[in-house]
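Peer 1: Structure supplied as protein36.cif; contents: mmCIF, C-alpha atoms.
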```cif
data_final
loop_
_atom_site.group_PDB
_atom_site.id
_atom_site.type_symbol
_atom_site.label_atom_id
_atom_site.label_comp_id
_atom_site.auth_asym_id
_atom_site.auth_seq_id
_atom_site.Cartn_x
_atom_site.Cartn_y
_atom_site.Cartn_z
ATOM 1 C CA MET A 1 0.000 0.000 0.000
ATOM 2 C CA SER A 2 1.344 3.442 -0.876
ATOM 3 C CA GLU A 3 2.366 5.829 1.880
ATOM 4 C CA ILE A 4 -0.712 7.765 3.034
ATOM 5 C CA ARG A 5 -0.960 10.505 5.649
ATOM 6 C CA PHE A 6 -4.241 11.613 7.224
ATOM 7 C CA ARG A 7 -4.969 15.134 8.425
ATOM 8 C CA LEU A 8 -7.721 17.684 8.810
ATOM 9 C CA ALA A 9 -8.375 19.794 5.748
ATOM 10 C CA LYS A 10 -7.729 23.525 5.788
ATOM 11 C CA PRO A 11 -9.276 26.299 3.628
ATOM 12 C CA SER A 12 -6.336 26.294 1.217
ATOM 13 C CA ASP A 13 -7.139 22.642 0.368
ATOM 14 C CA ALA A 14 -10.397 23.579 -1.409
ATOM 15 C CA LYS A 15 -8.969 23.182 -4.927
ATOM 16 C CA GLN A 16 -7.430 19.755 -4.268
ATOM 17 C CA ILE A 17 -10.549 18.492 -2.489
ATOM 18 C CA ALA A 18 -12.704 19.670 -5.402
ATOM 19 C CA ASN A 19 -10.396 17.836 -7.823
ATOM 20 C CA CYS A 20 -10.721 14.668 -5.741
ATOM 21 C CA HIS A 21 -14.518 14.984 -5.666
ATOM 22 C CA TRP A 22 -14.531 15.534 -9.434
ATOM 23 C CA HIS A 23 -12.869 12.162 -10.002
ATOM 24 C CA VAL A 24 -15.932 10.227 -8.811
ATOM 25 C CA ARG A 25 -18.195 11.556 -11.573
ATOM 26 C CA ASP A 26 -17.913 8.416 -13.719
ATOM 27 C CA ARG A 27 -19.152 6.260 -10.812
ATOM 28 C CA TYR A 28 -21.806 8.607 -9.425
ATOM 29 C CA THR A 29 -23.499 10.367 -12.302
ATOM 30 C CA GLU A 30 -26.511 11.733 -10.409
ATOM 31 C CA GLY A 31 -26.687 14.881 -8.312
ATOM 32 C CA ILE A 32 -26.363 18.534 -9.154
ATOM 33 C CA PHE A 33 -22.925 19.024 -7.603
ATOM 34 C CA LEU A 34 -21.012 17.059 -10.215
ATOM 35 C CA LEU A 35 -23.225 18.262 -13.069
ATOM 36 C CA LEU A 36 -22.250 21.888 -12.423
ATOM 37 C CA GLY A 37 -18.558 21.247 -12.930
ATOM 38 C CA LYS A 38 -15.236 21.588 -11.166
ATOM 39 C CA ALA A 39 -15.432 25.390 -10.774
ATOM 40 C CA PHE A 40 -18.592 25.030 -8.722
ATOM 41 C CA LEU A 41 -17.009 22.336 -6.537
ATOM 42 C CA ARG A 42 -14.043 24.635 -5.832
ATOM 43 C CA ALA A 43 -16.345 27.478 -4.809
ATOM 44 C CA TYR A 44 -18.431 25.135 -2.659
ATOM 45 C CA TYR A 45 -15.456 23.802 -0.721
ATOM 46 C CA LYS A 46 -14.032 27.280 -0.210
ATOM 47 C CA VAL A 47 -17.313 28.176 1.494
ATOM 48 C CA ILE A 48 -17.623 24.918 3.425
ATOM 49 C CA LEU A 49 -14.062 24.919 4.739
ATOM 50 C CA ASP A 50 -14.721 28.283 6.420
ATOM 51 C CA ASP A 51 -17.638 26.782 8.371
ATOM 52 C CA PRO A 52 -16.459 26.043 11.950
ATOM 53 C CA ASN A 53 -18.837 23.065 12.157
ATOM 54 C CA GLU A 54 -17.355 21.304 9.131
ATOM 55 C CA ILE A 55 -15.023 18.331 9.533
ATOM 56 C CA ILE A 56 -13.110 17.116 6.476
ATOM 57 C CA VAL A 57 -10.456 14.461 6.967
ATOM 58 C CA CYS A 58 -8.222 14.140 3.943
ATOM 59 C CA ALA A 59 -5.653 11.574 2.855
ATOM 60 C CA GLU A 60 -2.565 12.707 1.004
ATOM 61 C CA ASN A 61 0.128 10.671 -0.681
ATOM 62 C CA LYS A 62 3.874 10.993 -0.180
ATOM 63 C CA ASN A 63 3.927 13.873 -2.674
ATOM 64 C CA GLY A 64 1.459 15.888 -0.610
ATOM 65 C CA ILE A 65 -1.405 15.397 -3.080
ATOM 66 C CA ILE A 66 -4.879 14.848 -1.602
ATOM 67 C CA VAL A 67 -6.172 11.536 -2.974
ATOM 68 C CA GLY A 68 -9.254 11.095 -0.783
ATOM 69 C CA PHE A 69 -11.414 12.781 1.811
ATOM 70 C CA SER A 70 -14.363 12.203 4.113
ATOM 71 C CA SER A 71 -16.557 15.133 5.099
ATOM 72 C CA GLY A 72 -19.243 15.806 7.647
ATOM 73 C CA SER A 73 -20.918 18.560 9.617
ATOM 74 C CA LEU A 74 -21.460 18.836 13.355
ATOM 75 C CA ASP A 75 -24.534 20.979 12.660
ATOM 76 C CA ALA A 76 -26.345 20.514 9.338
ATOM 77 C CA GLU A 77 -28.707 23.422 9.995
ATOM 78 C CA SER A 78 -25.802 25.800 10.595
ATOM 79 C CA GLN A 79 -24.123 24.548 7.435
ATOM 80 C CA ALA A 80 -27.271 25.301 5.414
ATOM 81 C CA LYS A 81 -27.236 28.867 6.767
ATOM 82 C CA THR A 82 -23.602 29.225 5.691
ATOM 83 C CA ILE A 83 -24.476 28.111 2.155
ATOM 84 C CA ARG A 84 -27.455 30.480 1.986
ATOM 85 C CA LYS A 85 -25.197 33.305 3.172
ATOM 86 C CA HIS A 86 -22.899 32.696 0.172
ATOM 87 C CA LYS A 87 -25.673 32.117 -2.376
ATOM 88 C CA THR A 88 -24.411 34.862 -4.720
ATOM 89 C CA ARG A 89 -20.873 33.488 -4.815
ATOM 90 C CA LEU A 90 -22.102 29.946 -5.365
ATOM 91 C CA GLY A 91 -24.655 31.113 -7.933
ATOM 92 C CA PHE A 92 -21.955 32.704 -10.080
ATOM 93 C CA ALA A 93 -19.854 29.540 -9.780
ATOM 94 C CA ALA A 94 -22.835 27.461 -10.945
ATOM 95 C CA LEU A 95 -23.521 29.776 -13.879
ATOM 96 C CA GLN A 96 -20.950 28.163 -16.165
ATOM 97 C CA GLY A 97 -22.646 24.780 -15.890
ATOM 98 C CA ILE A 98 -26.111 26.305 -16.290
ATOM 99 C CA ILE A 99 -25.082 28.182 -19.452
ATOM 100 C CA ARG A 100 -23.877 24.914 -20.998
ATOM 101 C CA HIS A 101 -26.965 23.040 -19.823
ATOM 102 C CA PRO A 102 -29.910 25.389 -19.079
ATOM 103 C CA SER A 103 -31.981 22.413 -17.899
ATOM 104 C CA TYR A 104 -29.780 22.296 -14.781
ATOM 105 C CA MET A 105 -31.353 25.524 -13.551
ATOM 106 C CA ARG A 106 -34.390 23.702 -12.178
ATOM 107 C CA GLY A 107 -32.250 21.301 -10.185
ATOM 108 C CA VAL A 108 -30.128 24.125 -8.780
ATOM 109 C CA TRP A 109 -33.208 26.057 -7.701
ATOM 110 C CA GLN A 110 -34.807 22.991 -6.086
ATOM 111 C CA ARG A 111 -31.589 22.199 -4.240
ATOM 112 C CA PHE A 112 -31.235 25.764 -3.000
ATOM 113 C CA LYS A 113 -34.840 25.905 -1.808
ATOM 114 C CA SER A 114 -34.328 22.687 0.145
ATOM 115 C CA LEU A 115 -31.839 24.513 2.386
ATOM 116 C CA ASN A 116 -34.815 26.305 3.906
ATOM 117 C CA PRO A 117 -36.601 23.795 6.180
ATOM 118 C CA GLU A 118 -39.888 25.674 5.720
ATOM 119 C CA THR A 119 -40.145 24.502 2.096
ATOM 120 C CA GLY A 120 -40.689 20.890 3.141
ATOM 121 C CA LYS A 121 -38.666 19.694 0.111
ATOM 122 C CA GLU A 122 -36.061 17.447 1.663
ATOM 123 C CA PHE A 123 -32.861 16.492 -0.145
ATOM 124 C CA ILE A 124 -30.672 16.015 2.929
ATOM 125 C CA HIS A 125 -31.243 15.775 6.674
ATOM 126 C CA MET A 126 -31.225 19.270 8.153
ATOM 127 C CA LYS A 127 -30.920 18.572 11.874
ATOM 128 C CA GLY A 128 -27.963 17.580 14.031
ATOM 129 C CA ALA A 129 -24.733 16.045 12.797
ATOM 130 C CA ARG A 130 -24.521 14.750 9.246
ATOM 131 C CA SER A 131 -22.019 12.655 7.302
ATOM 132 C CA GLU A 132 -21.546 13.903 3.749
ATOM 133 C CA TYR A 133 -19.050 12.694 1.152
ATOM 134 C CA LEU A 134 -16.494 9.896 1.007
ATOM 135 C CA CYS A 135 -14.376 10.296 -2.123
ATOM 136 C CA TRP A 136 -11.228 8.567 -3.340
ATOM 137 C CA ASN A 137 -9.292 9.143 -6.551
ATOM 138 C CA LYS A 138 -9.840 5.978 -8.597
ATOM 139 C CA ASP A 139 -6.307 6.253 -10.034
ATOM 140 C CA GLU A 140 -4.763 5.925 -6.572
ATOM 141 C CA PRO A 141 -4.359 2.647 -4.641
ATOM 142 C CA GLY A 142 -5.585 2.388 -1.072
ATOM 143 C CA SER A 143 -9.073 0.981 -0.473
ATOM 144 C CA ILE A 144 -8.112 0.308 3.160
ATOM 145 C CA SER A 145 -7.059 3.927 3.568
ATOM 146 C CA MET A 146 -10.402 5.025 2.121
ATOM 147 C CA MET A 147 -12.272 3.097 4.811
ATOM 148 C CA LEU A 148 -10.006 4.565 7.489
ATOM 149 C CA LEU A 149 -11.036 8.066 6.415
ATOM 150 C CA ASP A 150 -14.622 7.480 7.538
ATOM 151 C CA LYS A 151 -13.532 5.848 10.800
ATOM 152 C CA ILE A 152 -11.283 8.781 11.656
ATOM 153 C CA LYS A 153 -14.048 11.284 10.886
ATOM 154 C CA PHE A 154 -16.597 9.469 13.051
ATOM 155 C CA LYS A 155 -14.106 9.116 15.914
ATOM 156 C CA MET A 156 -13.466 12.853 15.783
ATOM 157 C CA MET A 157 -17.185 13.597 15.821
ATOM 158 C CA HIS A 158 -17.652 11.296 18.807
ATOM 159 C CA ALA A 159 -14.745 12.948 20.642
ATOM 160 C CA LEU A 160 -16.484 16.292 20.106
ATOM 161 C CA GLY A 161 -19.624 15.029 21.825
ATOM 162 C CA ILE A 162 -21.684 13.788 18.866
ATOM 163 C CA LYS A 163 -23.757 10.711 19.728
ATOM 164 C CA GLU A 164 -25.541 10.097 16.415
ATOM 165 C CA VAL A 165 -24.916 11.048 12.793
ATOM 166 C CA TYR A 166 -27.358 11.081 9.874
ATOM 167 C CA PHE A 167 -26.504 10.420 6.245
ATOM 168 C CA GLU A 168 -28.282 9.703 2.971
ATOM 169 C CA ILE A 169 -27.777 7.038 0.307
ATOM 170 C CA ASP A 170 -29.740 6.747 -2.919
ATOM 171 C CA ARG A 171 -31.421 3.396 -3.555
ATOM 172 C CA GLN A 172 -29.734 3.150 -6.952
ATOM 173 C CA ASN A 173 -26.386 2.735 -5.161
ATOM 174 C CA GLU A 174 -27.617 -0.737 -4.313
ATOM 175 C CA ARG A 175 -24.356 -2.231 -3.056
ATOM 176 C CA ILE A 176 -23.635 0.622 -0.647
ATOM 177 C CA PHE A 177 -27.284 0.908 0.416
ATOM 178 C CA ASN A 178 -27.526 -2.780 1.307
ATOM 179 C CA ALA A 179 -24.140 -2.732 3.034
ATOM 180 C CA GLN A 180 -25.386 -0.019 5.378
ATOM 181 C CA LEU A 181 -28.474 -2.076 6.189
ATOM 182 C CA ARG A 182 -26.158 -4.783 7.526
ATOM 183 C CA MET A 183 -23.962 -2.442 9.565
ATOM 184 C CA LYS A 184 -24.080 -2.486 13.354
ATOM 185 C CA ASN A 185 -25.237 0.697 15.084
ATOM 186 C CA THR A 186 -26.795 1.887 11.802
ATOM 187 C CA GLU A 187 -30.505 1.986 10.970
ATOM 188 C CA LEU A 188 -32.648 3.078 8.047
ATOM 189 C CA VAL A 189 -34.829 5.882 9.436
ATOM 190 C CA ASN A 190 -36.834 6.890 6.390
ATOM 191 C CA GLU A 191 -37.095 6.731 2.595
ATOM 192 C CA TYR A 192 -38.338 9.530 0.382
ATOM 193 C CA GLN A 193 -38.436 10.498 -3.262
ATOM 194 C CA LEU A 194 -36.420 13.373 -4.718
ATOM 195 C CA PRO A 195 -37.916 15.704 -7.345
ATOM 196 C CA ASP A 196 -35.914 13.928 -10.078
ATOM 197 C CA GLY A 197 -37.477 10.577 -9.164
ATOM 198 C CA ARG A 198 -34.625 9.038 -7.194
ATOM 199 C CA THR A 199 -35.479 7.200 -3.983
ATOM 200 C CA ARG A 200 -33.248 8.245 -1.107
ATOM 201 C CA GLY A 201 -32.754 6.506 2.226
ATOM 202 C CA LEU A 202 -32.011 8.400 5.424
ATOM 203 C CA PHE A 203 -29.761 6.473 7.791
ATOM 204 C CA LYS A 204 -28.730 7.106 11.382
ATOM 205 C CA LYS A 205 -25.426 5.901 12.834
ATOM 206 C CA ILE A 206 -24.949 5.665 16.588
ATOM 207 C CA LEU A 207 -21.386 6.583 17.544
ATOM 208 C CA SER A 208 -19.644 4.688 20.310
#
```
What would you get if you wrote out this structure as structure tokens?

Peer 2:
Amino acid sequence: MSEIRFRLAKPSDAKQIANCHWHVRDRYTEGIFLLLGKAFLRAYYKVILDDPNEIIVCAENKNGIIVGFSSGSLDAESQAKTIRKHKTRLGFAALQGIIRHPSYMRGVWQRFKSLNPETGKEFIHMKGARSEYLCWNKDEPGSISMMLLDKIKFKMMHALGIKEVYFEIDRQNERIFNAQLRMKNTELVNEYQLPDGRTRGLFKKILS
């Protein structure tokens, strides 16, 4: 296994983390984030990495290149407020993707509206702690290191007083969905349908 070092991400890592996230687009083709392009991902992570409730554990190789990361928020509601606060910046970053594909505008608007809990249009869980993305550059070895990323993130959350973490998985990711159903201390809380027709499962993980 190649030499891998784990550490917390810092704001200056936004570009590398966006590049790492971009590499999963051939495996996960759904979702507005990847559709809007790499420029939007860079802007998003610049905003997110300034949120004091955000935890991103990254893995870098011996050359100092980030090859994977696992992200989560200690307070999903606070994170949504941070994103709404930077809506203009993120809107301009999304514009390039929307100009190329005007049909994306509807998805962007629906996703933005979902950040307001009063809309009742749920994409992600908006209360408490939430686990977000686990990404690994497919061109880099280290599946064991990828699994360690999540473990480190959850241990950090637990050390900071978090007892339970919510996360979402789409039904179409059948292998991952079913794997979570078999996991200890993890339960399927709810299933709901997204505006684009996908069925999404909300899971809860008890940290110990």

Peer 1: Which residues of stretch 30-82 of chain A come within 6 Å of stretch 129-147 of chain A, and for each one, what is the closest pair of atoms and their distance in Å to one decimal, counting only C-alpha atoms, sorted by chain and residue number, as a tab-separated table?

Peer 2:
```
residue	atom	partner	partner_atom	distance
A:Val67	CA	A:Asn137	CA	5.3
A:Gly68	CA	A:Trp136	CA	4.1
A:Phe69	CA	A:Cys135	CA	5.5
A:Ser70	CA	A:Leu134	CA	4.4
A:Ser71	CA	A:Tyr133	CA	5.3
A:Gly72	CA	A:Ser131	CA	4.2
A:Ser73	CA	A:Arg130	CA	5.3
A:Leu74	CA	A:Ala129	CA	4.3
A:Asp75	CA	A:Ala129	CA	4.9
A:Ala76	CA	A:Ala129	CA	5.9
```

Peer 1: How would you write, as an NGL selection string, the residues chosen by the PyMOL selection byres ((chain A and resi 180-189) around 6) on this structure?

Peer 2: :A and (177-179 or 190 or 202-206)

Peer 1: Kindly provide, as a PyMOL selection string, the polymer residues lying within 8 Å of (-35.0, 9.8, 2.0), counting only C-alpha atoms and using the coordinates exactly as they appear in the file.

Peer 2: chain A and resi 122-124+168-170+190-194+199-202

Peer 1: Rounded to one decimal, what separation in Å do you get between atom CA of A:Arg84 and atom CA of A:Tyr44?

Peer 2: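 Here the two named atoms are 11.5 Å from each other.
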
Peer 1: Name every residue that the PyMOL selection byres ((chain A and resi 83) around 12) selects in this structure, writing the answer as a VMD selection string with chains first and numbers rising.

Peer 2: chain A and resid 43 to 51 76 to 82 84 to 91 111 to 116

Peer 1: Considering all atoms listed in the file, state which residue in the set A:Lys163, A:Lys153, A:Arg7, A:Lys38 is at the smallest distance from A:Glu60.

Peer 2: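 Ranked by minimum distance to A:Glu60, first place goes to A:Arg7.
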
Peer 1: Figure out the distance between atom CA of A:Leu148 and atom CA of A:Gln16, please, to one decimal in Å.

Peer 2: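 For atom CA of A:Gln16 relative to atom CA of A:Leu148, the distance reads 19.4 Å.
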
Peer 1: When you draw a straight line from atom CA of A:Ala14 to atom CA of A:Phe92, how long is it in Å?

Peer 2: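 Straight-line distance from atom CA of A:Ala14 to atom CA of A:Phe92 works out to 17.1 Å.
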
Peer 1: For A:Asp150, which residue among A:Ala59, A:Ser208, A:Ile4, A:Pro52 is the nearest when counting only C-alpha atoms?

Peer 2: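 Smallest distance to A:Asp150 is found for A:Ala59.
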
Peer 1: Around all of stretch 83-94 of chain A's listed atoms, make the axis-aligned box with 3 Å on each side and tell me centre and edge lengths in Å to one decimal, as AutoDock Vina command-line options.

Peer 2:
```
--center_x -23.7 --center_y 31.2 --center_z -3.9 --size_x 13.6 --size_y 13.4 --size_z 20.1
```

Peer 1: Applying 12 Å and all atoms listed in the file, which residues near A:Arg100 remain after dropping the ones on its own chain fewer than 6 positions away? List them as a PyMOL selection string.

Peer 2: chain A and resi 35-37+94

Peer 1: Which residue, A:Phe40, A:Ile56, A:Ala93, A:His23, has the smallest gap to A:Pro11 when you use all atoms listed in the file?

Peer 2: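 Nearest candidate to A:Pro11 out of A:Phe40, A:Ile56, A:Ala93, A:His23: A:Ile56.
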
Peer 1: Name the closest residue to A:Ala159 among the candidates A:Gln172, A:Leu207, A:Met126, A:Cys20; distances are taken between atoms, counting only C-alpha atoms.

Peer 2: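 Of the candidates, the smallest distance to A:Ala159 is held by A:Leu207.
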